[in-house]
file model-v9.txt (compact mmCIF, C-alpha atoms)
# COMPACT_ATOMS: atom_id res chain seq x y z
CA MET S 1 -63.92 30.53 -95.97
CA ALA S 2 -63.81 31.27 -92.22
CA PRO S 3 -64.57 34.81 -91.02
CA ARG S 4 -61.51 37.00 -90.69
CA TRP S 5 -61.87 37.44 -86.92
CA LEU S 6 -61.55 33.66 -86.44
CA GLY S 7 -58.24 33.74 -88.17
CA SER S 8 -56.26 35.15 -85.30
CA PHE S 9 -54.85 32.98 -82.56
CA GLN S 10 -56.23 35.31 -79.87
CA ALA S 11 -59.77 35.05 -81.21
CA ARG S 12 -59.59 31.27 -81.29
CA LEU S 13 -58.25 31.23 -77.74
CA VAL S 14 -61.07 33.47 -76.50
CA LEU S 15 -63.66 31.29 -78.26
CA ALA S 16 -62.17 28.10 -76.80
CA PHE S 17 -62.08 29.66 -73.34
CA ALA S 18 -65.71 30.81 -73.65
CA LEU S 19 -66.81 27.32 -74.70
CA LEU S 20 -64.85 25.79 -71.82
CA ILE S 21 -66.45 28.12 -69.28
CA THR S 22 -69.91 27.43 -70.73
CA GLY S 23 -69.31 23.67 -70.54
CA ILE S 24 -68.06 23.82 -66.95
CA GLY S 25 -71.04 25.98 -65.97
CA THR S 26 -73.47 23.55 -67.56
CA ILE S 27 -71.87 20.56 -65.84
CA GLY S 28 -71.94 22.46 -62.53
CA LEU S 29 -75.65 23.22 -62.89
CA LEU S 30 -76.42 19.60 -63.73
CA ALA S 31 -74.46 18.48 -60.67
CA VAL S 32 -76.35 20.88 -58.41
CA VAL S 33 -79.69 19.62 -59.75
CA ARG S 34 -78.62 15.98 -59.22
CA VAL S 35 -77.50 16.68 -55.64
CA TYR S 36 -80.78 18.50 -54.94
CA GLU S 37 -82.77 15.61 -56.40
CA ALA S 38 -80.89 13.02 -54.32
CA ARG S 39 -81.39 15.03 -51.12
CA GLU S 40 -85.07 15.58 -51.78
CA ARG S 41 -85.58 11.88 -52.56
CA ALA S 42 -83.77 10.89 -49.34
CA ALA S 43 -85.87 13.34 -47.29
CA PHE S 44 -89.09 12.08 -48.91
CA GLU S 45 -88.14 8.46 -48.23
CA LEU S 46 -87.21 9.28 -44.62
CA SER S 47 -90.58 10.95 -44.12
CA ALA S 48 -92.39 7.91 -45.53
CA THR S 49 -90.44 5.40 -43.43
CA SER S 50 -91.00 7.52 -40.33
CA MET S 51 -94.75 7.54 -40.98
CA ALA S 52 -94.74 3.77 -41.54
CA SER S 53 -92.74 3.16 -38.35
CA ILE S 54 -95.06 5.32 -36.26
CA LEU S 55 -98.07 3.60 -37.81
CA ALA S 56 -96.62 0.16 -37.08
CA VAL S 57 -96.03 1.02 -33.41
CA SER S 58 -99.49 2.59 -33.14
CA ALA S 59 -101.17 -0.44 -34.72
CA THR S 60 -99.36 -3.13 -32.72
CA ASN S 61 -101.91 -3.54 -29.92
CA ALA S 62 -104.88 -3.35 -32.29
CA VAL S 63 -103.34 -6.08 -34.49
CA TYR S 64 -102.49 -8.23 -31.47
CA ASP S 65 -106.07 -7.91 -30.13
CA LEU S 66 -107.63 -8.00 -33.63
CA ARG S 67 -109.38 -4.67 -33.03
CA PHE S 68 -110.40 -3.92 -36.60
CA ASP S 69 -112.34 -0.81 -35.54
CA GLN S 70 -109.20 0.72 -34.03
CA LEU S 71 -107.18 -0.15 -37.12
CA ARG S 72 -109.76 1.48 -39.39
CA ILE S 73 -109.79 4.68 -37.34
CA LEU S 74 -105.99 4.78 -37.22
CA LEU S 75 -105.65 4.27 -40.97
CA GLU S 76 -108.44 6.75 -41.66
CA LYS S 77 -106.32 9.41 -39.91
CA VAL S 78 -103.26 8.42 -41.94
CA LEU S 79 -105.24 8.69 -45.19
CA GLN S 80 -106.02 12.32 -44.32
CA GLN S 81 -102.35 13.21 -44.86
CA PRO S 82 -102.02 15.17 -48.12
CA TYR S 83 -99.84 12.78 -50.16
CA VAL S 84 -100.92 9.41 -48.73
CA ARG S 85 -102.95 7.47 -51.30
CA TYR S 86 -103.31 4.13 -49.51
CA ALA S 87 -102.61 2.59 -46.13
CA TYR S 88 -102.89 -1.07 -45.16
CA VAL S 89 -102.36 -3.17 -42.08
CA TYR S 90 -101.81 -6.83 -42.90
CA ASP S 91 -101.28 -10.02 -40.92
CA ARG S 92 -98.16 -12.21 -41.00
CA ASP S 93 -99.47 -14.02 -44.12
CA GLY S 94 -100.05 -10.74 -45.96
CA ARG S 95 -103.85 -10.71 -45.67
CA ILE S 96 -105.23 -7.18 -45.40
CA LEU S 97 -106.81 -6.52 -42.01
CA ALA S 98 -107.71 -2.87 -42.58
CA ASP S 99 -107.41 -0.21 -45.26
CA GLY S 100 -108.88 2.80 -43.45
CA THR S 101 -112.31 2.68 -45.06
CA TRP S 102 -115.67 1.61 -43.68
CA ALA S 103 -116.24 -0.83 -46.53
CA ASN S 104 -112.72 -2.29 -46.18
CA PRO S 105 -113.00 -3.93 -49.63
CA HIS S 106 -109.52 -5.47 -49.37
CA PHE S 107 -110.25 -7.28 -46.10
CA ASN S 108 -108.68 -10.74 -45.94
CA ALA S 109 -107.28 -10.40 -49.47
CA VAL S 110 -103.61 -10.87 -50.28
CA PRO S 111 -102.60 -8.40 -53.00
CA HIS S 112 -100.53 -10.11 -55.66
CA ASP S 113 -98.40 -7.11 -56.57
CA PRO S 114 -94.60 -7.35 -56.18
CA THR S 115 -94.48 -4.48 -53.67
CA HIS S 116 -96.79 -6.34 -51.29
CA ARG S 117 -94.83 -9.59 -51.61
CA ALA S 118 -91.61 -7.71 -50.81
CA ALA S 119 -93.27 -5.96 -47.86
CA ILE S 120 -94.41 -9.27 -46.37
CA ARG S 121 -90.83 -10.62 -46.48
CA ALA S 122 -89.15 -7.44 -45.22
CA GLU S 123 -87.27 -7.78 -41.95
CA GLY S 124 -87.21 -4.02 -41.35
CA PRO S 125 -88.35 -0.78 -42.94
CA LEU S 126 -88.71 -1.07 -46.69
CA VAL S 127 -88.99 1.67 -49.30
CA GLN S 128 -89.81 0.80 -52.88
CA TYR S 129 -91.26 2.63 -55.85
CA THR S 130 -94.14 1.21 -57.83
CA ARG S 131 -93.61 0.68 -61.52
CA GLY S 132 -95.46 2.18 -64.41
CA ASP S 133 -96.22 5.67 -65.62
CA PRO S 134 -93.98 8.20 -63.79
CA ALA S 135 -97.00 10.46 -63.25
CA GLU S 136 -98.74 7.64 -61.35
CA ARG S 137 -95.65 6.25 -59.58
CA MET S 138 -95.93 5.82 -55.83
CA LEU S 139 -93.46 5.48 -53.02
CA ASP S 140 -94.46 2.40 -51.04
CA ALA S 141 -93.17 2.33 -47.45
CA ALA S 142 -93.58 -0.83 -45.39
CA GLN S 143 -92.76 -1.66 -41.79
CA PRO S 144 -93.21 -5.02 -40.07
CA ILE S 145 -95.13 -5.20 -36.81
CA VAL S 146 -93.06 -7.20 -34.36
CA VAL S 147 -93.64 -7.86 -30.64
CA ALA S 148 -91.30 -9.10 -27.91
CA GLY S 149 -89.35 -12.19 -28.80
CA ASP S 150 -89.27 -11.18 -32.46
CA VAL S 151 -92.78 -12.52 -33.06
CA ARG S 152 -94.03 -11.03 -36.28
CA LEU S 153 -97.72 -10.10 -36.24
CA GLY S 154 -97.82 -8.56 -39.72
CA GLY S 155 -97.01 -5.13 -41.02
CA VAL S 156 -98.14 -1.83 -42.47
CA ARG S 157 -97.84 -0.30 -45.92
CA LEU S 158 -98.27 3.28 -47.01
CA GLY S 159 -98.43 4.57 -50.55
CA LEU S 160 -97.41 8.17 -51.12
CA THR S 161 -97.68 9.97 -54.41
CA THR S 162 -94.31 11.12 -55.74
CA ARG S 163 -95.90 14.26 -57.19
CA PRO S 164 -94.37 16.70 -54.65
CA LEU S 165 -90.94 15.20 -55.26
CA ARG S 166 -91.30 15.43 -59.06
CA GLU S 167 -92.64 18.99 -58.87
CA GLY S 168 -89.79 20.17 -56.62
CA VAL S 169 -87.14 18.69 -58.90
CA ALA S 170 -88.86 20.14 -61.99
CA ARG S 171 -88.94 23.58 -60.34
CA VAL S 172 -85.21 23.44 -59.61
CA ARG S 173 -84.48 22.28 -63.17
CA ARG S 174 -86.46 25.22 -64.56
CA LEU S 175 -84.59 27.64 -62.30
CA ALA S 176 -81.25 26.12 -63.33
CA LEU S 177 -82.13 26.45 -67.01
CA GLY S 178 -83.42 29.97 -66.52
CA SER S 179 -86.85 29.23 -67.92

call {"tool": "encode", "arguments": {"input": "model-v9.txt", "output": "structure tokens"}}
result
Amino acid sequence: MAPRWLGSFQARLVLAFALLITGIGTIGLLAVVRVYEARERAAFELSATSMASILAVSATNAVYDLRFDQLRILLEKVLQQPYVRYAYVYDRDGRILADGTWANPHFNAVPHDPTHRAAIRAEGPLVQYTRGDPAERMLDAAQPIVVAGDVRLGGVRLGLTTRPLREGVARVRRLALGS
């Protein structure tokens, strides 16, 4: 048998109203978190494409003149950025010219991962996320290197860890849930 206080119409109305307000509040919080996540993702992607575009412009002359020492120094500076995990300059066929290290172990190799194949074909800035474990997922930003007359020399690729993005979204979720 239902408790006596649930028997009255007024009590049922108050309970229904309380549940409605709770539901609307929950949906509102979820919407705020989703909007925050979308904005943070867009800002993160914009930052990555900006870095790739600047790198492509900076590397153009070195690629044109095949100045591998300049490319290495340039990429070495890029790799010092806190969330950058890899940086490549590649020729028009996708062969790695420089990776920012002295050893340059990827030199003249064509990576066979889908992100590299997509980067080689890209006509403009390209942002893609690597697949796999979310904790290891990377944002891969690519930018072709093009000179006058639309002659494509190659391109650049940067890999940024998505950790700061994931941590920011997780922090907002915790705040929204009050934990």

call {"tool": "atom_distance", "arguments": {"input": "model-v9.txt", "atom1": "CA of Asn108 in chain S", "atom2": "CA of Phe68 in chain S"}}
result
11.7 Å

call {"tool": "residues_near_point", "arguments": {"input": "model-v9.txt", "point": "(-91.6, 13.1, -59.4)", "cutoff": "10 Å", "atoms": "all atoms listed in the file", "output": "MDAnalysis selection string"}}
result
chainID S and resid 37 41 134:138 161:170

call {"tool": "residues_around", "arguments": {"input": "model-v9.txt", "residues": "Leu30 in chain S", "least_positions_apart": "2", "cutoff": "12 Å", "atoms": "only C-alpha atoms", "output": "list of chain:residue names"}}
result
S:Gly23, S:Ile24, S:Gly25, S:Thr26, S:Ile27, S:Gly28, S:Val32, S:Val33, S:Arg34, S:Val35, S:Tyr36, S:Glu37, S:Val169, S:Val172, S:Arg173, S:Arg174, S:Leu175, S:Ala176, S:Leu177

call {"tool": "closest_residue", "arguments": {"input": "model-v9.txt", "among": "S:His106, S:Arg67, S:Arg152, S:Lys77", "to": "Asp93 in chain S", "atoms": "all atoms listed in the file"}}
result
S:Arg152

call {"tool": "closest_residue", "arguments": {"input": "model-v9.txt", "among": "S:Leu75, S:Ala48, S:Ala56, S:Ala142", "to": "Pro125 in chain S", "atoms": "all atoms listed in the file"}}
result
S:Ala142

call {"tool": "atom_distance", "arguments": {"input": "model-v9.txt", "atom1": "CA of Leu153 in chain S", "atom2": "CA of Tyr64 in chain S"}}
result
7.0 Å

call {"tool": "residues_near_point", "arguments": {"input": "model-v9.txt", "point": "(-91.8, -8.2, -40.5)", "cutoff": "10 Å", "atoms": "all atoms listed in the file", "output": "mmCIF file with C-alpha atoms, in the coordinates of the input"}}
result
data_model
loop_
_atom_site.group_PDB
_atom_site.id
_atom_site.type_symbol
_atom_site.label_atom_id
_atom_site.label_comp_id
_atom_site.auth_asym_id
_atom_site.auth_seq_id
_atom_site.Cartn_x
_atom_site.Cartn_y
_atom_site.Cartn_z
ATOM 1 C CA ASP S 91 -101.280 -10.020 -40.920
ATOM 2 C CA ARG S 92 -98.160 -12.210 -41.000
ATOM 3 C CA ALA S 119 -93.270 -5.960 -47.860
ATOM 4 C CA ILE S 120 -94.410 -9.270 -46.370
ATOM 5 C CA ARG S 121 -90.830 -10.620 -46.480
ATOM 6 C CA ALA S 122 -89.150 -7.440 -45.220
ATOM 7 C CA GLU S 123 -87.270 -7.780 -41.950
ATOM 8 C CA GLY S 124 -87.210 -4.020 -41.350
ATOM 9 C CA PRO S 125 -88.350 -0.780 -42.940
ATOM 10 C CA LEU S 126 -88.710 -1.070 -46.690
ATOM 11 C CA ALA S 142 -93.580 -0.830 -45.390
ATOM 12 C CA GLN S 143 -92.760 -1.660 -41.790
ATOM 13 C CA PRO S 144 -93.210 -5.020 -40.070
ATOM 14 C CA ILE S 145 -95.130 -5.200 -36.810
ATOM 15 C CA VAL S 146 -93.060 -7.200 -34.360
ATOM 16 C CA ASP S 150 -89.270 -11.180 -32.460
ATOM 17 C CA VAL S 151 -92.780 -12.520 -33.060
ATOM 18 C CA ARG S 152 -94.030 -11.030 -36.280
ATOM 19 C CA LEU S 153 -97.720 -10.100 -36.240
ATOM 20 C CA GLY S 154 -97.820 -8.560 -39.720
ATOM 21 C CA GLY S 155 -97.010 -5.130 -41.020
ATOM 22 C CA VAL S 156 -98.140 -1.830 -42.470
#

call {"tool": "atom_distance", "arguments": {"input": "model-v9.txt", "atom1": "CA of Ile73 in chain S", "atom2": "CA of Thr101 in chain S"}}
result
8.4 Å
